[in-house]
Amino acid sequence: MTEQQLNDAVHRLTRNHRVTHTDPHTGKTSYLTVLSLFTQLRQEQASGNRRSGGSKSTGSRSPIAINAVTLWSEIRETLSTRFIAFTGKDDTNMLPETKLQKWAVSTLADTTGRSIETCLRTATTWATSIESLISPTPRIEVRGACPACAATHAWTWDQDEYVRNTAITATRHEARCGACGTTWAGADIHDLAETLGQAA
Ligand SMILES: [Zn+2]
């Protein structure tokens, strides 16, 4: 079971793979073949360079591109460390894809299953991080004071720095206060909207 999960995670990170796509409007499900997540992460960094008119300055890069650079360097460092741990030396010419595949194979020799667990947890974290970086759930900033804690603003950690947002942010289906953590869903969203509307 775990070995299969690990194979799936490594496959998604290193090879073109099929994903289920649900149309947000019609709810219809289809299958798409997408590039490996490592390839998508590389492209995300390159697209940031293009958006800033070819400038090498990180100051003009998009936040997503900066996050992609940070995440990619973290992944490569971890893979090098792991690769050295089971081979005794690094190979700087080897692709990160190959290092991850070799790391996954090497974990099978550990009969306690602990190495597979570590590799699976790491690969899953990377896959989730890359996916949310590439297609983040958009959140709308909602102005007004939170009815639960009265905060109007909240700070969130965005990679390397704190960013100031409105306290309440919302998706199509839920609203949340970033200061106290209160969430609203379903009919409660309408009550929240009314409360904020009356206060405004
Ligand atoms: Zn609150």
# chains A, B, ... in the order shown; residues from 1 in each chain; ligands from 1
>>> residues_near_ligand(ligand="ligand 1", cutoff="12 Å", atoms="only C-alpha atoms and all ligand atoms", output="list in words")
Gly144, Ala145, Cys146, Pro147, Ala148, Cys149, Ala150, Ala151, Thr152, His153, Ala154, Thr166, Ala167, Ile168, Thr169, Ala175, Arg176, Cys177, Gly178, Ala179, Cys180, Gly181, Thr182, Thr183, Trp184 and Leu192 of chain A
>>> atom_distance(atom1="CA of Pro63 (chain A)", atom2="CA of Arg82 (chain A)")
28.6 Å
>>> residues_around(residues="Ser106 (chain A)", least_positions_apart="4", cutoff="8 Å", atoms="only C-alpha atoms", output="list in words")
Phe86, Lys102 and Asp110 of chain A
>>> write_last_selection(atoms="N, CA and C atoms", output="short mmCIF file (atom, residue, chain, number, x, y, z; two decimals), in the first residue's frame")
data_model
loop_
_atom_site.label_atom_id
_atom_site.label_comp_id
_atom_site.auth_asym_id
_atom_site.auth_seq_id
_atom_site.Cartn_x
_atom_site.Cartn_y
_atom_site.Cartn_z
N PHE A 86 22.57 7.83 0.68
CA PHE A 86 22.55 6.41 0.30
C PHE A 86 23.59 6.02 -0.75
N LYS A 102 15.67 7.25 -7.69
CA LYS A 102 16.68 6.38 -7.05
C LYS A 102 16.48 6.34 -5.54
N ASP A 110 15.05 -0.97 3.17
CA ASP A 110 14.80 -0.84 4.61
C ASP A 110 13.53 -1.60 4.97
#
>>> select_by_dssp(residues="chain A", states="strand (DSSP E)", output="ChimeraX atom specification")
/A:17-22,29-34,140-142,153-158,161-166,168-170,174-177,183-185
>>> residues_around(residues="Thr39 (chain A)", least_positions_apart="5", cutoff="10 Å", atoms="only C-alpha atoms", output="VMD selection string")
chain A and resid 13 to 16 34 44 97
>>> closest_residue(among="A:Ala123, A:Ser47, A:Thr171, A:Glu131", to="Val19 (chain A)", atoms="only C-alpha atoms")
A:Glu131
>>> residues_around(residues="Ala68 (chain A)", least_positions_apart="3", cutoff="10 Å", atoms="only C-alpha atoms", output="tab-separated table (two decimals) with N, CA and C atoms, in the first residue's frame")
chain	number	residue	atom	x	y	z
A	40	GLN	N	6.49	21.39	-14.30
A	40	GLN	CA	5.61	22.54	-14.12
A	40	GLN	C	6.24	23.58	-13.19
A	41	LEU	N	6.96	23.10	-12.18
A	41	LEU	CA	7.61	24.02	-11.25
A	41	LEU	C	8.73	24.79	-11.96
A	42	ARG	N	9.49	24.10	-12.83
A	42	ARG	CA	10.53	24.78	-13.61
A	42	ARG	C	9.91	25.86	-14.50
A	43	GLN	N	8.78	25.51	-15.16
A	43	GLN	CA	8.12	26.45	-16.06
A	43	GLN	C	7.60	27.66	-15.31
A	44	GLU	N	7.15	27.44	-14.08
A	44	GLU	CA	6.62	28.54	-13.27
A	44	GLU	C	7.70	29.57	-13.00
A	45	GLN	N	8.94	29.13	-12.77
A	45	GLN	CA	10.06	30.05	-12.54
A	45	GLN	C	10.38	30.82	-13.82
A	46	ALA	N	10.35	30.11	-14.96
A	46	ALA	CA	10.66	30.73	-16.24
A	46	ALA	C	9.59	31.75	-16.62
A	48	GLY	N	7.88	33.54	-14.66
A	48	GLY	CA	8.09	34.73	-13.84
A	48	GLY	C	9.12	35.64	-14.47
A	62	SER	N	7.19	37.83	-10.24
A	62	SER	CA	5.89	37.62	-9.61
A	62	SER	C	6.08	36.80	-8.34
A	63	PRO	N	5.18	36.97	-7.36
A	63	PRO	CA	5.30	36.19	-6.11
A	63	PRO	C	5.30	34.69	-6.36
A	64	ILE	N	4.52	34.24	-7.34
A	64	ILE	CA	4.47	32.80	-7.61
A	64	ILE	C	5.82	32.32	-8.11
A	65	ALA	N	6.48	33.12	-8.97
A	65	ALA	CA	7.79	32.73	-9.49
A	65	ALA	C	8.81	32.67	-8.37
A	71	LEU	N	10.99	27.05	-3.50
A	71	LEU	CA	10.58	25.65	-3.35
A	71	LEU	C	11.51	24.72	-4.14
A	72	TRP	N	11.84	25.13	-5.37
A	72	TRP	CA	12.69	24.29	-6.22
A	72	TRP	C	14.08	24.12	-5.61
A	73	SER	N	14.62	25.20	-5.01
A	73	SER	CA	15.96	25.07	-4.42
A	73	SER	C	15.90	24.20	-3.16
A	74	GLU	N	14.79	24.28	-2.42
A	74	GLU	CA	14.62	23.42	-1.24
A	74	GLU	C	14.57	21.95	-1.68
A	129	SER	N	2.61	21.07	-2.35
A	129	SER	CA	3.13	22.44	-2.42
A	129	SER	C	3.14	22.95	-3.86
A	130	ILE	N	3.61	22.11	-4.78
A	130	ILE	CA	3.69	22.53	-6.18
A	130	ILE	C	2.29	22.76	-6.74
A	133	LEU	N	0.81	25.89	-5.41
A	133	LEU	CA	1.52	27.05	-5.95
A	133	LEU	C	1.06	27.35	-7.38
A	134	ILE	N	0.83	26.28	-8.15
A	134	ILE	CA	0.45	26.45	-9.55
A	134	ILE	C	-1.02	26.81	-9.70
>>> closest_residue(among="A:Thr98, A:Ser115, A:Ala9, A:His190", to="Ala85 (chain A)", atoms="only C-alpha atoms")
A:Ser115
>>> atom_distance(atom1="CA of Ile84 (chain A)", atom2="CA of Pro96 (chain A)")
12.9 Å
>>> residues_around(residues="Thr2 (chain A)", least_positions_apart="4", cutoff="8 Å", atoms="only C-alpha atoms", output="PyMOL selection string")
chain A and resi 6+116-117+120
>>> write_last_selection(atoms="N, CA and C atoms", output="compact mmCIF listing (two decimals), in the first residue's frame")
# COMPACT_ATOMS: atom_id res chain seq x y z
N LEU A 6 3.87 5.66 -2.68
CA LEU A 6 5.15 6.29 -2.97
C LEU A 6 5.37 6.32 -4.49
N ILE A 116 10.60 4.29 3.55
CA ILE A 116 9.50 4.54 2.61
C ILE A 116 8.61 5.65 3.15
N GLU A 117 8.30 5.58 4.44
CA GLU A 117 7.45 6.60 5.07
C GLU A 117 8.04 7.99 4.89
N LEU A 120 7.88 9.02 1.25
CA LEU A 120 6.49 9.28 0.86
C LEU A 120 6.02 10.62 1.41
>>> atom_distance(atom1="CA of Met94 (chain A)", atom2="CA of His11 (chain A)")
17.5 Å
>>> select_by_dssp(residues="region 45-158 of chain A", states="alpha helix (DSSP H)", output="MDAnalysis selection string")
chainID A and resid 45:51 63:87 96:107 114:134
>>> closest_residue(among="A:Val142, A:Ala185, A:Ile66, A:Ala104", to="Gly197 (chain A)", atoms="only C-alpha atoms")
A:Val142
>>> decode(residues="region 17-165 of chain A", atoms="C-alpha atoms", output="JSON list (two decimals), in the first residue's frame")
[["chain", "number", "residue", "atom", "x", "y", "z"],
["A", 17, "HIS", "CA", 0.56, 11.85, -15.68],
["A", 18, "ARG", "CA", -3.23, 11.87, -15.88],
["A", 19, "VAL", "CA", -5.33, 13.98, -13.54],
["A", 20, "THR", "CA", -9.06, 14.19, -12.93],
["A", 21, "HIS", "CA", -10.47, 17.55, -13.90],
["A", 22, "THR", "CA", -13.88, 18.68, -12.64],
["A", 23, "ASP", "CA", -15.37, 21.64, -14.48],
["A", 24, "PRO", "CA", -16.26, 24.23, -11.80],
["A", 25, "HIS", "CA", -19.36, 25.33, -13.76],
["A", 26, "THR", "CA", -20.84, 22.11, -15.12],
["A", 27, "GLY", "CA", -19.42, 19.67, -12.55],
["A", 28, "LYS", "CA", -18.45, 17.39, -15.46],
["A", 29, "THR", "CA", -15.41, 15.17, -14.86],
["A", 30, "SER", "CA", -12.74, 14.52, -17.47],
["A", 31, "TYR", "CA", -9.16, 13.25, -17.59],
["A", 32, "LEU", "CA", -6.23, 15.36, -18.65],
["A", 33, "THR", "CA", -2.60, 14.40, -19.22],
["A", 34, "VAL", "CA", -0.35, 16.97, -17.57],
["A", 35, "LEU", "CA", 3.42, 17.51, -17.37],
["A", 36, "SER", "CA", 5.38, 16.23, -14.38],
["A", 37, "LEU", "CA", 5.11, 18.53, -11.35],
["A", 38, "PHE", "CA", 8.88, 19.13, -11.40],
["A", 39, "THR", "CA", 8.56, 20.32, -15.02],
["A", 40, "GLN", "CA", 5.61, 22.54, -14.12],
["A", 41, "LEU", "CA", 7.61, 24.02, -11.25],
["A", 42, "ARG", "CA", 10.53, 24.78, -13.61],
["A", 43, "GLN", "CA", 8.12, 26.45, -16.06],
["A", 44, "GLU", "CA", 6.62, 28.54, -13.27],
["A", 45, "GLN", "CA", 10.06, 30.05, -12.54],
["A", 46, "ALA", "CA", 10.66, 30.73, -16.24],
["A", 47, "SER", "CA", 7.24, 32.36, -16.71],
["A", 48, "GLY", "CA", 8.09, 34.73, -13.84],
["A", 49, "ASN", "CA", 11.17, 35.86, -15.75],
["A", 50, "ARG", "CA", 9.13, 36.48, -18.88],
["A", 51, "ARG", "CA", 6.49, 38.48, -17.02],
["A", 52, "SER", "CA", 9.13, 40.85, -15.72],
["A", 53, "GLY", "CA", 10.42, 41.54, -19.23],
["A", 54, "GLY", "CA", 13.47, 39.30, -18.99],
["A", 55, "SER", "CA", 14.85, 41.13, -15.96],
["A", 56, "LYS", "CA", 17.07, 39.02, -13.72],
["A", 57, "SER", "CA", 16.08, 41.06, -10.67],
["A", 58, "THR", "CA", 14.07, 39.02, -8.18],
["A", 59, "GLY", "CA", 12.39, 42.25, -7.08],
["A", 60, "SER", "CA", 10.31, 42.39, -10.25],
["A", 61, "ARG", "CA", 9.44, 38.71, -10.32],
["A", 62, "SER", "CA", 5.89, 37.62, -9.61],
["A", 63, "PRO", "CA", 5.30, 36.19, -6.11],
["A", 64, "ILE", "CA", 4.47, 32.80, -7.61],
["A", 65, "ALA", "CA", 7.79, 32.73, -9.49],
["A", 66, "ILE", "CA", 9.69, 33.65, -6.31],
["A", 67, "ASN", "CA", 7.86, 30.93, -4.38],
["A", 68, "ALA", "CA", 8.69, 28.52, -7.19],
["A", 69, "VAL", "CA", 12.40, 29.40, -7.01],
["A", 70, "THR", "CA", 12.46, 28.95, -3.23],
["A", 71, "LEU", "CA", 10.58, 25.65, -3.35],
["A", 72, "TRP", "CA", 12.69, 24.29, -6.22],
["A", 73, "SER", "CA", 15.96, 25.07, -4.42],
["A", 74, "GLU", "CA", 14.62, 23.42, -1.24],
["A", 75, "ILE", "CA", 13.69, 20.31, -3.24],
["A", 76, "ARG", "CA", 17.09, 20.09, -4.97],
["A", 77, "GLU", "CA", 18.98, 20.53, -1.70],
["A", 78, "THR", "CA", 16.94, 17.84, 0.04],
["A", 79, "LEU", "CA", 17.41, 15.46, -2.90],
["A", 80, "SER", "CA", 21.19, 16.01, -2.89],
["A", 81, "THR", "CA", 21.34, 15.36, 0.86],
["A", 82, "ARG", "CA", 19.31, 12.15, 0.47],
["A", 83, "PHE", "CA", 21.34, 11.05, -2.54],
["A", 84, "ILE", "CA", 24.60, 11.51, -0.60],
["A", 85, "ALA", "CA", 23.08, 9.58, 2.34],
["A", 86, "PHE", "CA", 22.55, 6.41, 0.30],
["A", 87, "THR", "CA", 25.35, 6.64, -2.30],
["A", 88, "GLY", "CA", 28.10, 8.34, -0.29],
["A", 89, "LYS", "CA", 28.60, 11.22, -2.77],
["A", 90, "ASP", "CA", 26.60, 13.75, -4.76],
["A", 91, "ASP", "CA", 26.22, 13.72, -8.54],
["A", 92, "THR", "CA", 25.64, 17.32, -9.61],
["A", 93, "ASN", "CA", 24.93, 16.29, -13.23],
["A", 94, "MET", "CA", 22.07, 13.97, -12.27],
["A", 95, "LEU", "CA", 18.53, 15.31, -12.77],
["A", 96, "PRO", "CA", 16.44, 15.84, -9.62],
["A", 97, "GLU", "CA", 13.89, 13.47, -11.22],
["A", 98, "THR", "CA", 16.47, 10.66, -11.31],
["A", 99, "LYS", "CA", 17.62, 11.38, -7.76],
["A", 100, "LEU", "CA", 14.06, 11.13, -6.46],
["A", 101, "GLN", "CA", 13.42, 7.89, -8.37],
["A", 102, "LYS", "CA", 16.68, 6.38, -7.05],
["A", 103, "TRP", "CA", 15.87, 7.54, -3.51],
["A", 104, "ALA", "CA", 12.43, 5.88, -3.74],
["A", 105, "VAL", "CA", 13.97, 2.60, -4.95],
["A", 106, "SER", "CA", 16.63, 2.71, -2.22],
["A", 107, "THR", "CA", 13.96, 2.89, 0.50],
["A", 108, "LEU", "CA", 12.72, -0.61, -0.39],
["A", 109, "ALA", "CA", 15.88, -2.08, 1.16],
["A", 110, "ASP", "CA", 14.80, -0.84, 4.61],
["A", 111, "THR", "CA", 12.53, -3.63, 5.86],
["A", 112, "THR", "CA", 11.26, -1.52, 8.78],
["A", 113, "GLY", "CA", 9.33, 0.61, 6.27],
["A", 114, "ARG", "CA", 10.58, 3.82, 7.91],
["A", 115, "SER", "CA", 12.55, 4.94, 4.84],
["A", 116, "ILE", "CA", 9.50, 4.54, 2.61],
["A", 117, "GLU", "CA", 7.45, 6.60, 5.07],
["A", 118, "THR", "CA", 10.03, 9.42, 5.06],
["A", 119, "CYS", "CA", 10.28, 9.44, 1.27],
["A", 120, "LEU", "CA", 6.49, 9.28, 0.86],
["A", 121, "ARG", "CA", 5.90, 12.13, 3.32],
["A", 122, "THR", "CA", 8.51, 14.30, 1.58],
["A", 123, "ALA", "CA", 7.22, 13.53, -1.93],
["A", 124, "THR", "CA", 3.60, 14.18, -0.90],
["A", 125, "THR", "CA", 4.54, 17.52, 0.68],
["A", 126, "TRP", "CA", 6.33, 18.55, -2.52],
["A", 127, "ALA", "CA", 3.43, 17.46, -4.74],
["A", 128, "THR", "CA", 0.90, 19.36, -2.61],
["A", 129, "SER", "CA", 3.13, 22.44, -2.42],
["A", 130, "ILE", "CA", 3.69, 22.53, -6.18],
["A", 131, "GLU", "CA", 0.01, 21.95, -6.96],
["A", 132, "SER", "CA", -1.19, 24.70, -4.63],
["A", 133, "LEU", "CA", 1.52, 27.05, -5.95],
["A", 134, "ILE", "CA", 0.45, 26.45, -9.55],
["A", 135, "SER", "CA", -3.32, 26.50, -8.99],
["A", 136, "PRO", "CA", -4.00, 28.25, -5.70],
["A", 137, "THR", "CA", -7.60, 28.56, -4.58],
["A", 138, "PRO", "CA", -8.34, 32.25, -5.14],
["A", 139, "ARG", "CA", -9.41, 34.12, -2.01],
["A", 140, "ILE", "CA", -11.26, 37.44, -2.16],
["A", 141, "GLU", "CA", -10.45, 40.06, 0.47],
["A", 142, "VAL", "CA", -13.56, 41.17, 2.36],
["A", 143, "ARG", "CA", -13.46, 44.56, 4.07],
["A", 144, "GLY", "CA", -14.94, 45.07, 7.51],
["A", 145, "ALA", "CA", -14.40, 43.97, 11.09],
["A", 146, "CYS", "CA", -14.70, 40.31, 11.99],
["A", 147, "PRO", "CA", -17.93, 39.84, 14.04],
["A", 148, "ALA", "CA", -16.13, 37.26, 16.19],
["A", 149, "CYS", "CA", -12.91, 39.09, 17.12],
["A", 150, "ALA", "CA", -13.36, 42.63, 15.72],
["A", 151, "ALA", "CA", -10.09, 42.48, 13.73],
["A", 152, "THR", "CA", -10.04, 44.34, 10.42],
["A", 153, "HIS", "CA", -6.67, 43.01, 9.26],
["A", 154, "ALA", "CA", -4.56, 39.90, 9.64],
["A", 155, "TRP", "CA", -1.01, 38.91, 8.79],
["A", 156, "THR", "CA", -0.21, 35.77, 6.85],
["A", 157, "TRP", "CA", 3.13, 34.12, 6.26],
["A", 158, "ASP", "CA", 3.85, 34.02, 2.55],
["A", 159, "GLN", "CA", 7.14, 32.17, 2.05],
["A", 160, "ASP", "CA", 9.77, 34.72, 3.10],
["A", 161, "GLU", "CA", 7.74, 37.56, 4.57],
["A", 162, "TYR", "CA", 4.59, 38.61, 6.38],
["A", 163, "VAL", "CA", 1.82, 40.02, 4.21],
["A", 164, "ARG", "CA", -1.04, 42.15, 5.53],
["A", 165, "ASN", "CA", -4.51, 41.14, 4.35]]
